[in-house]
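**Q** Got work16.csv for you, CSV, C-alpha atoms:
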```csv
chain,number,residue,atom,x,y,z
A,1,MET,CA,16.6,2.2,-2.5
A,2,CYS,CA,13.6,1.9,-0.2
A,3,ASN,CA,13.4,-1.2,1.9
A,4,SER,CA,11.8,-2.6,5.0
A,5,GLY,CA,12.7,-1.6,8.5
A,6,SER,CA,15.1,-3.1,11.1
A,7,GLU,CA,14.1,-5.4,13.9
A,8,MET,CA,10.4,-5.6,14.2
A,9,LYS,CA,7.8,-7.4,16.3
A,10,ILE,CA,5.7,-9.9,14.5
A,11,PRO,CA,2.2,-8.4,14.3
A,12,GLU,CA,-0.6,-10.2,16.0
A,13,ARG,CA,-3.9,-10.8,14.1
A,14,PRO,CA,-6.4,-8.2,15.3
A,15,THR,CA,-8.9,-9.3,17.9
A,16,ILE,CA,-12.6,-8.8,17.4
A,17,ALA,CA,-12.5,-5.8,19.8
A,18,ARG,CA,-9.8,-4.2,17.8
A,19,LEU,CA,-11.7,-4.6,14.5
A,20,VAL,CA,-14.8,-3.1,16.2
A,21,LEU,CA,-12.7,-0.1,17.1
A,22,ILE,CA,-11.5,0.3,13.5
A,23,CYS,CA,-15.1,0.1,12.3
A,24,CYS,CA,-16.0,2.8,14.7
A,25,LEU,CA,-13.2,5.0,13.5
A,26,VAL,CA,-14.4,4.8,9.9
A,27,ALA,CA,-18.1,4.2,10.4
A,28,ALA,CA,-19.0,7.6,9.1
A,29,THR,CA,-17.1,7.0,6.0
A,30,ALA,CA,-19.3,4.1,4.8
A,31,CYS,CA,-22.2,6.4,4.2
A,32,ARG,CA,-20.4,9.6,3.3
A,33,SER,CA,-17.3,8.7,1.3
A,34,ALA,CA,-19.2,7.1,-1.6
A,35,GLN,CA,-19.9,10.4,-3.3
A,36,PRO,CA,-20.4,10.8,-7.1
A,37,ARG,CA,-17.0,11.0,-8.8
A,38,GLN,CA,-15.6,14.5,-9.1
A,39,VAL,CA,-12.9,15.6,-11.4
A,40,PRO,CA,-11.3,18.8,-10.0
A,41,SER,CA,-9.1,21.0,-12.0
A,42,ALA,CA,-5.4,20.4,-11.7
A,43,GLY,CA,-3.8,22.1,-8.8
A,44,ARG,CA,-7.0,23.3,-7.2
A,45,GLN,CA,-7.0,23.3,-3.4
A,46,ALA,CA,-9.7,21.3,-1.6
A,47,THR,CA,-12.3,23.0,0.5
A,48,PRO,CA,-12.6,22.1,4.2
A,49,ALA,CA,-15.6,19.9,3.3
A,50,GLU,CA,-13.7,18.1,0.6
A,51,GLU,CA,-10.8,17.6,2.9
A,52,LEU,CA,-13.1,16.0,5.5
A,53,THR,CA,-14.6,13.7,2.8
A,54,LEU,CA,-11.0,12.7,1.7
A,55,ILE,CA,-10.0,11.9,5.3
A,56,ARG,CA,-13.1,9.7,5.9
A,57,ALA,CA,-12.6,7.9,2.6
A,58,ASP,CA,-8.9,7.3,3.2
A,59,SER,CA,-9.5,5.9,6.7
A,60,GLU,CA,-12.0,3.4,5.3
A,61,VAL,CA,-9.8,2.3,2.4
A,62,PHE,CA,-6.6,2.2,4.5
A,63,ALA,CA,-8.3,0.0,7.1
A,64,ALA,CA,-9.6,-2.3,4.3
A,65,VAL,CA,-6.0,-2.7,3.0
A,66,VAL,CA,-4.6,-3.5,6.4
A,67,ARG,CA,-7.5,-5.9,7.1
A,68,ALA,CA,-7.0,-7.7,3.8
A,69,GLN,CA,-3.3,-8.1,4.4
A,70,LEU,CA,-3.8,-9.5,7.9
A,71,ASP,CA,-6.4,-12.0,6.5
A,72,GLY,CA,-4.1,-13.1,3.7
A,73,GLY,CA,-2.7,-16.6,3.5
A,74,SER,CA,0.4,-18.1,1.9
A,75,ASP,CA,-1.0,-19.3,-1.4
A,76,ASP,CA,-2.5,-16.3,-3.2
A,77,TYR,CA,-1.7,-12.6,-3.1
A,78,PRO,CA,-2.1,-10.6,-0.9
A,79,TYR,CA,0.0,-12.7,1.4
A,80,HIS,CA,0.0,-12.5,5.2
A,81,LEU,CA,3.3,-10.8,6.0
A,82,GLN,CA,4.9,-11.5,9.3
A,83,ARG,CA,7.7,-8.9,9.8
A,84,VAL,CA,6.0,-5.9,8.2
A,85,ARG,CA,5.8,-2.2,8.9
A,86,TYR,CA,3.4,0.3,7.3
A,87,ASP,CA,4.3,3.9,6.5
A,88,ALA,CA,1.3,5.9,7.7
A,89,ARG,CA,2.2,8.6,5.1
A,90,PRO,CA,0.4,8.2,1.8
A,91,TYR,CA,2.9,7.0,-0.8
A,92,GLY,CA,5.6,7.2,1.9
A,93,THR,CA,6.2,10.9,1.0
A,94,ARG,CA,6.4,14.0,3.2
A,95,SER,CA,3.6,15.7,1.2
A,96,GLY,CA,1.3,12.8,1.2
A,97,TYR,CA,1.2,12.9,-2.6
A,98,PRO,CA,3.2,10.8,-5.2
A,99,GLU,CA,6.5,12.3,-6.2
A,100,VAL,CA,6.7,9.9,-9.2
A,101,PHE,CA,3.5,8.7,-10.9
A,102,ALA,CA,3.1,5.1,-11.8
A,103,GLY,CA,2.5,5.9,-15.5
A,104,VAL,CA,-1.1,4.6,-15.4
A,105,GLN,CA,-3.9,6.7,-16.8
A,106,GLY,CA,-6.3,7.8,-14.1
A,107,ILE,CA,-4.0,7.0,-11.2
A,108,ASP,CA,-3.6,10.7,-10.1
A,109,PRO,CA,-5.4,11.0,-6.7
A,110,THR,CA,-6.4,14.6,-7.4
A,111,LEU,CA,-8.7,13.3,-10.1
A,112,THR,CA,-10.9,12.1,-7.2
A,113,PHE,CA,-10.2,14.7,-4.6
A,114,ALA,CA,-8.7,18.2,-4.9
A,115,ARG,CA,-5.3,18.6,-3.3
A,116,ALA,CA,-5.6,18.8,0.5
A,117,GLY,CA,-3.7,21.1,2.7
A,118,GLU,CA,-0.9,20.1,5.1
A,119,SER,CA,-3.2,20.1,8.2
A,120,ALA,CA,-5.7,17.8,6.5
A,121,ILE,CA,-2.9,15.4,5.5
A,122,ASP,CA,-1.6,15.4,9.0
A,123,GLN,CA,-5.0,14.4,10.3
A,124,LEU,CA,-5.3,11.7,7.7
A,125,ILE,CA,-1.9,10.3,8.8
A,126,ASP,CA,-2.9,10.4,12.4
A,127,ASN,CA,-6.0,8.3,11.6
A,128,ARG,CA,-3.8,5.8,9.8
A,129,LYS,CA,-1.6,5.5,12.8
A,130,GLN,CA,-4.6,4.7,15.0
A,131,ILE,CA,-5.7,2.0,12.6
A,132,LEU,CA,-2.3,0.4,12.6
A,133,GLN,CA,-2.1,0.5,16.4
A,134,MET,CA,-5.5,-1.0,16.8
A,135,SER,CA,-4.6,-3.7,14.3
A,136,GLY,CA,-1.4,-4.6,16.1
A,137,VAL,CA,0.7,-3.6,13.0
A,138,GLN,CA,3.9,-1.7,13.3
A,139,SER,CA,4.2,1.7,11.7
A,140,GLY,CA,7.4,3.5,10.5
A,141,GLY,CA,9.4,4.7,7.6
A,142,PRO,CA,11.9,2.9,5.3
A,143,VAL,CA,15.4,1.8,6.2
A,144,SER,CA,18.3,1.3,3.8
A,145,TYR,CA,20.7,-1.5,4.1
A,146,ASN,CA,24.4,-1.2,3.2
A,147,GLN,CA,25.6,-3.8,0.8
A,148,CYS,CA,22.2,-5.2,0.0
A,149,ALA,CA,21.5,-5.2,-3.8
A,150,GLY,CA,18.4,-6.2,-5.7
A,151,ALA,CA,17.4,-9.8,-5.7
A,152,ARG,CA,18.4,-10.3,-9.3
A,153,VAL,CA,21.7,-8.5,-9.1
A,154,PRO,CA,24.4,-11.1,-9.8
A,155,LEU,CA,27.7,-11.5,-8.0
A,156,PRO,CA,30.5,-9.5,-9.7
A,157,PRO,CA,33.0,-11.4,-11.8
A,158,PRO,CA,36.4,-12.3,-10.1
A,159,VAL,CA,39.2,-9.8,-10.5
A,160,ARG,CA,41.4,-10.7,-13.4
A,161,GLY,CA,44.9,-11.9,-12.5
A,162,ALA,CA,44.0,-12.5,-8.9
A,163,ALA,CA,44.3,-16.1,-7.7
A,164,ARG,CA,41.4,-17.4,-5.8
A,165,THR,CA,40.1,-14.0,-4.8
A,166,LYS,CA,36.8,-14.2,-3.0
A,167,ARG,CA,34.1,-12.3,-4.9
A,168,ALA,CA,32.3,-9.6,-3.1
A,169,ASP,CA,28.9,-10.6,-1.8
A,170,VAL,CA,26.4,-7.9,-2.9
A,171,HIS,CA,23.8,-9.3,-0.5
A,172,ALA,CA,26.1,-9.4,2.6
A,173,GLY,CA,24.3,-6.6,4.3
A,174,CYS,CA,20.7,-7.9,3.7
A,175,PRO,CA,18.6,-9.0,6.7
A,176,LYS,CA,18.8,-12.7,7.4
A,177,THR,CA,15.0,-12.9,7.8
A,178,PRO,CA,12.7,-11.3,5.2
A,179,GLU,CA,11.2,-8.0,6.2
A,180,TYR,CA,8.6,-5.8,4.5
A,181,TYR,CA,7.8,-2.1,4.3
A,182,VAL,CA,4.4,-1.1,2.8
A,183,THR,CA,3.0,2.2,1.6
A,184,VAL,CA,-0.6,2.9,0.7
A,185,GLY,CA,-1.6,5.7,-1.6
A,186,LEU,CA,-4.6,8.0,-1.4
A,187,PRO,CA,-8.0,6.6,-2.3
A,188,ILE,CA,-9.1,6.8,-6.0
A,189,ARG,CA,-12.7,6.5,-6.9
A,190,GLY,CA,-13.4,3.8,-9.5
A,191,GLN,CA,-11.1,1.7,-11.5
A,192,PRO,CA,-8.4,3.9,-13.2
A,193,GLU,CA,-8.8,4.0,-17.0
A,194,GLY,CA,-5.3,2.7,-17.5
A,195,LEU,CA,-6.2,-0.5,-15.6
A,196,ARG,CA,-9.4,-1.3,-17.5
A,197,ASN,CA,-9.5,-4.9,-18.7
A,198,ALA,CA,-6.1,-5.5,-17.1
A,199,ARG,CA,-5.3,-9.0,-15.8
A,200,ASP,CA,-5.2,-9.3,-12.0
A,201,THR,CA,-2.9,-11.4,-9.9
A,202,ARG,CA,-5.1,-14.5,-10.5
A,203,GLY,CA,-5.1,-14.0,-14.3
A,204,ARG,CA,-8.6,-12.7,-14.6
A,205,ARG,CA,-9.6,-9.7,-16.8
A,206,VAL,CA,-10.8,-6.9,-14.5
A,207,SER,CA,-13.4,-4.3,-15.5
A,208,MET,CA,-15.5,-2.7,-12.8
A,209,GLY,CA,-17.9,0.1,-12.5
A,210,ASP,CA,-17.6,3.4,-10.6
A,211,ASP,CA,-18.8,1.8,-7.3
A,212,VAL,CA,-15.2,0.8,-6.6
A,213,TRP,CA,-12.3,2.3,-4.6
A,214,THR,CA,-8.7,1.8,-5.8
A,215,ALA,CA,-5.5,2.2,-3.7
A,216,LEU,CA,-1.8,1.9,-4.8
A,217,VAL,CA,0.0,-0.5,-2.5
A,218,ASP,CA,3.8,-0.6,-2.7
A,219,GLU,CA,5.6,-3.5,-1.1
A,220,HIS,CA,9.3,-3.3,-0.4
A,221,SER,CA,10.9,-6.6,0.8
A,222,ALA,CA,14.4,-7.3,1.9
A,223,GLY,CA,15.8,-10.7,2.7
A,224,PRO,CA,19.0,-12.9,2.4
A,225,LYS,CA,18.8,-12.9,-1.4
A,226,GLY,CA,18.3,-9.1,-1.8
A,227,TRP,CA,15.5,-6.5,-2.0
A,228,THR,CA,12.4,-6.4,-4.2
A,229,TRP,CA,9.9,-3.6,-4.9
A,230,SER,CA,6.4,-4.4,-6.2
A,231,GLN,CA,3.6,-2.0,-6.9
A,232,TYR,CA,-0.1,-3.2,-7.0
A,233,ALA,CA,-3.5,-1.6,-7.5
A,234,TRP,CA,-5.9,-2.9,-4.9
A,235,LEU,CA,-9.6,-2.6,-5.9
A,236,PHE,CA,-12.4,-2.7,-3.3
A,237,ARG,CA,-16.1,-3.1,-3.6
A,238,ARG,CA,-18.7,-2.5,-0.8
A,239,GLY,CA,-20.2,-5.6,0.6
A,240,ARG,CA,-23.9,-5.9,-0.3
A,241,TRP,CA,-24.9,-7.1,3.2
A,242,ASN,CA,-22.4,-5.6,5.6
A,243,GLY,CA,-21.6,-2.3,3.8
A,244,LYS,CA,-17.9,-2.7,4.4
A,245,LEU,CA,-15.2,-2.4,1.7
A,246,GLU,CA,-14.0,-5.8,0.6
A,247,LEU,CA,-11.0,-6.6,-1.5
A,248,ALA,CA,-12.3,-7.5,-5.0
A,249,SER,CA,-9.1,-7.7,-7.1
A,250,THR,CA,-5.3,-6.9,-7.1
A,251,ILE,CA,-3.4,-5.9,-10.2
A,252,LEU,CA,0.4,-5.9,-10.5
A,253,ILE,CA,1.7,-2.7,-12.0
A,254,GLY,CA,5.4,-3.1,-11.7
A,255,VAL,CA,8.4,-4.9,-10.1
A,256,VAL,CA,12.0,-3.9,-9.5
A,257,GLU,CA,14.6,-6.4,-8.3
```
In structure tokens, what does this structure look like?
**A**
Amino acid sequence: MCNSGSEMKIPERPTIARLVLICCLVAATACRSAQPRQVPSAGRQATPAEELTLIRADSEVFAAVVRAQLDGGSDDYPYHLQRVRYDARPYGTRSGYPEVFAGVQGIDPTLTFARAGESAIDQLIDNRKQILQMSGVQSGGPVSYNQCAGARVPLPPPVRGAARTKRADVHAGCPKTPEYYVTVGLPIRGQPEGLRNARDTRGRRVSMGDDVWTALVDEHSAGPKGWTWSQYAWLFRRGRWNGKLELASTILIGVVE
């Protein structure tokens, strides 16, 4: 069970100066990451040039995810999360690659970029940490809570034959205030085939061209009523006037409670 972290500081919204620094970090990406889509053979290792392109693209997409989350409100997804920590590792894994695929056609990140080496992933993670720091968002890994079941797990039935026995509270160990732990996958060029014409979180059918970047965003929440895991695909388009990646749509892939 992967849930959010322990006591956290409430992240401040990034100042204009911080956002400028983020733009400087990924400025080179805006022009160089939008390469024609490549489909490398399975298992092929990336060349140094391909690794550099991946790092630049990831920095830009990750910064766009964090920016969209901070700009979120309380009415529509993505919401502005108060007590949140981001895992700088893609997918929250040691390798930086998914251990379990989402079961969606075209979601494999190596269909966009050949598999990068350990040093390249380390550099990619360091860039993500800088983005989080400049955005005033906490970074860190998951924390498990004892006696904190899923949000839809019911209380166990009373013990037969026991008079007025208090039933165990399966959520007794959950945090009293909701906390969130977020992971972001590697950038995927275009809209994955398995998500073509899927409905987004606002009920609209989504079908975009190749001039799109997709990222898997996993949100783990834990609160008084239990934990919840949700996985979304976030789709970004480049702004016509400012050249920055802007959130175009979010598609819910799965929920576990």
**Q** Show me the residues close to (4.1, 7.8, 10.9) - anything with an atom within 7 Å, counting all atoms listed in the file - and format the list as a compact mmCIF listing (two decimals) with C-alpha atoms, in the frame of the given file.
**A**
```txt
# COMPACT_ATOMS: atom_id res chain seq x y z
CA ASP A 87 4.30 3.90 6.50
CA ALA A 88 1.30 5.90 7.70
CA ARG A 89 2.20 8.60 5.10
CA ILE A 125 -1.90 10.30 8.80
CA LYS A 129 -1.60 5.50 12.80
CA SER A 139 4.20 1.70 11.70
CA GLY A 140 7.40 3.50 10.50
CA GLY A 141 9.40 4.70 7.60
```
**Q** CA of Gln231 (chain A) and CA of Val212 (chain A), how far apart in Å?
**A**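 Distance between the two atoms: 19.0 Å.
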**Q** Taking only C-alpha atoms into account, which of A:Cys174, A:Val143, A:Val217, A:Ile55 comes nearest Arg115 (chain A)?
**A**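 Nearest to Arg115 (chain A): A:Ile55.
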**Q** Would you pick out the contacts of Ala222 (chain A) at 6 Å or less, using all atoms listed in the file, so that residues sharing its chain but fewer than 5 positions from it are not included, and give the list as JSON, numbers by chain?
**A** {"A": [178, 179, 227]}
**Q** Extract, using all atoms listed in the file, all DNA, RNA and protein residues at most 10 Å from Gly194 (chain A), discarding same-chain residues fewer than 3 positions from it, and format them as a PyMOL selection string.
**A** chain A and resi 103-107+191+197-198
**Q** Could you jot down the CA of His220 (chain A) to CA of Val61 (chain A) separation for me, Å, one decimal place?
**A**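 For CA of His220 (chain A) relative to CA of Val61 (chain A), the distance reads 20.1 Å.
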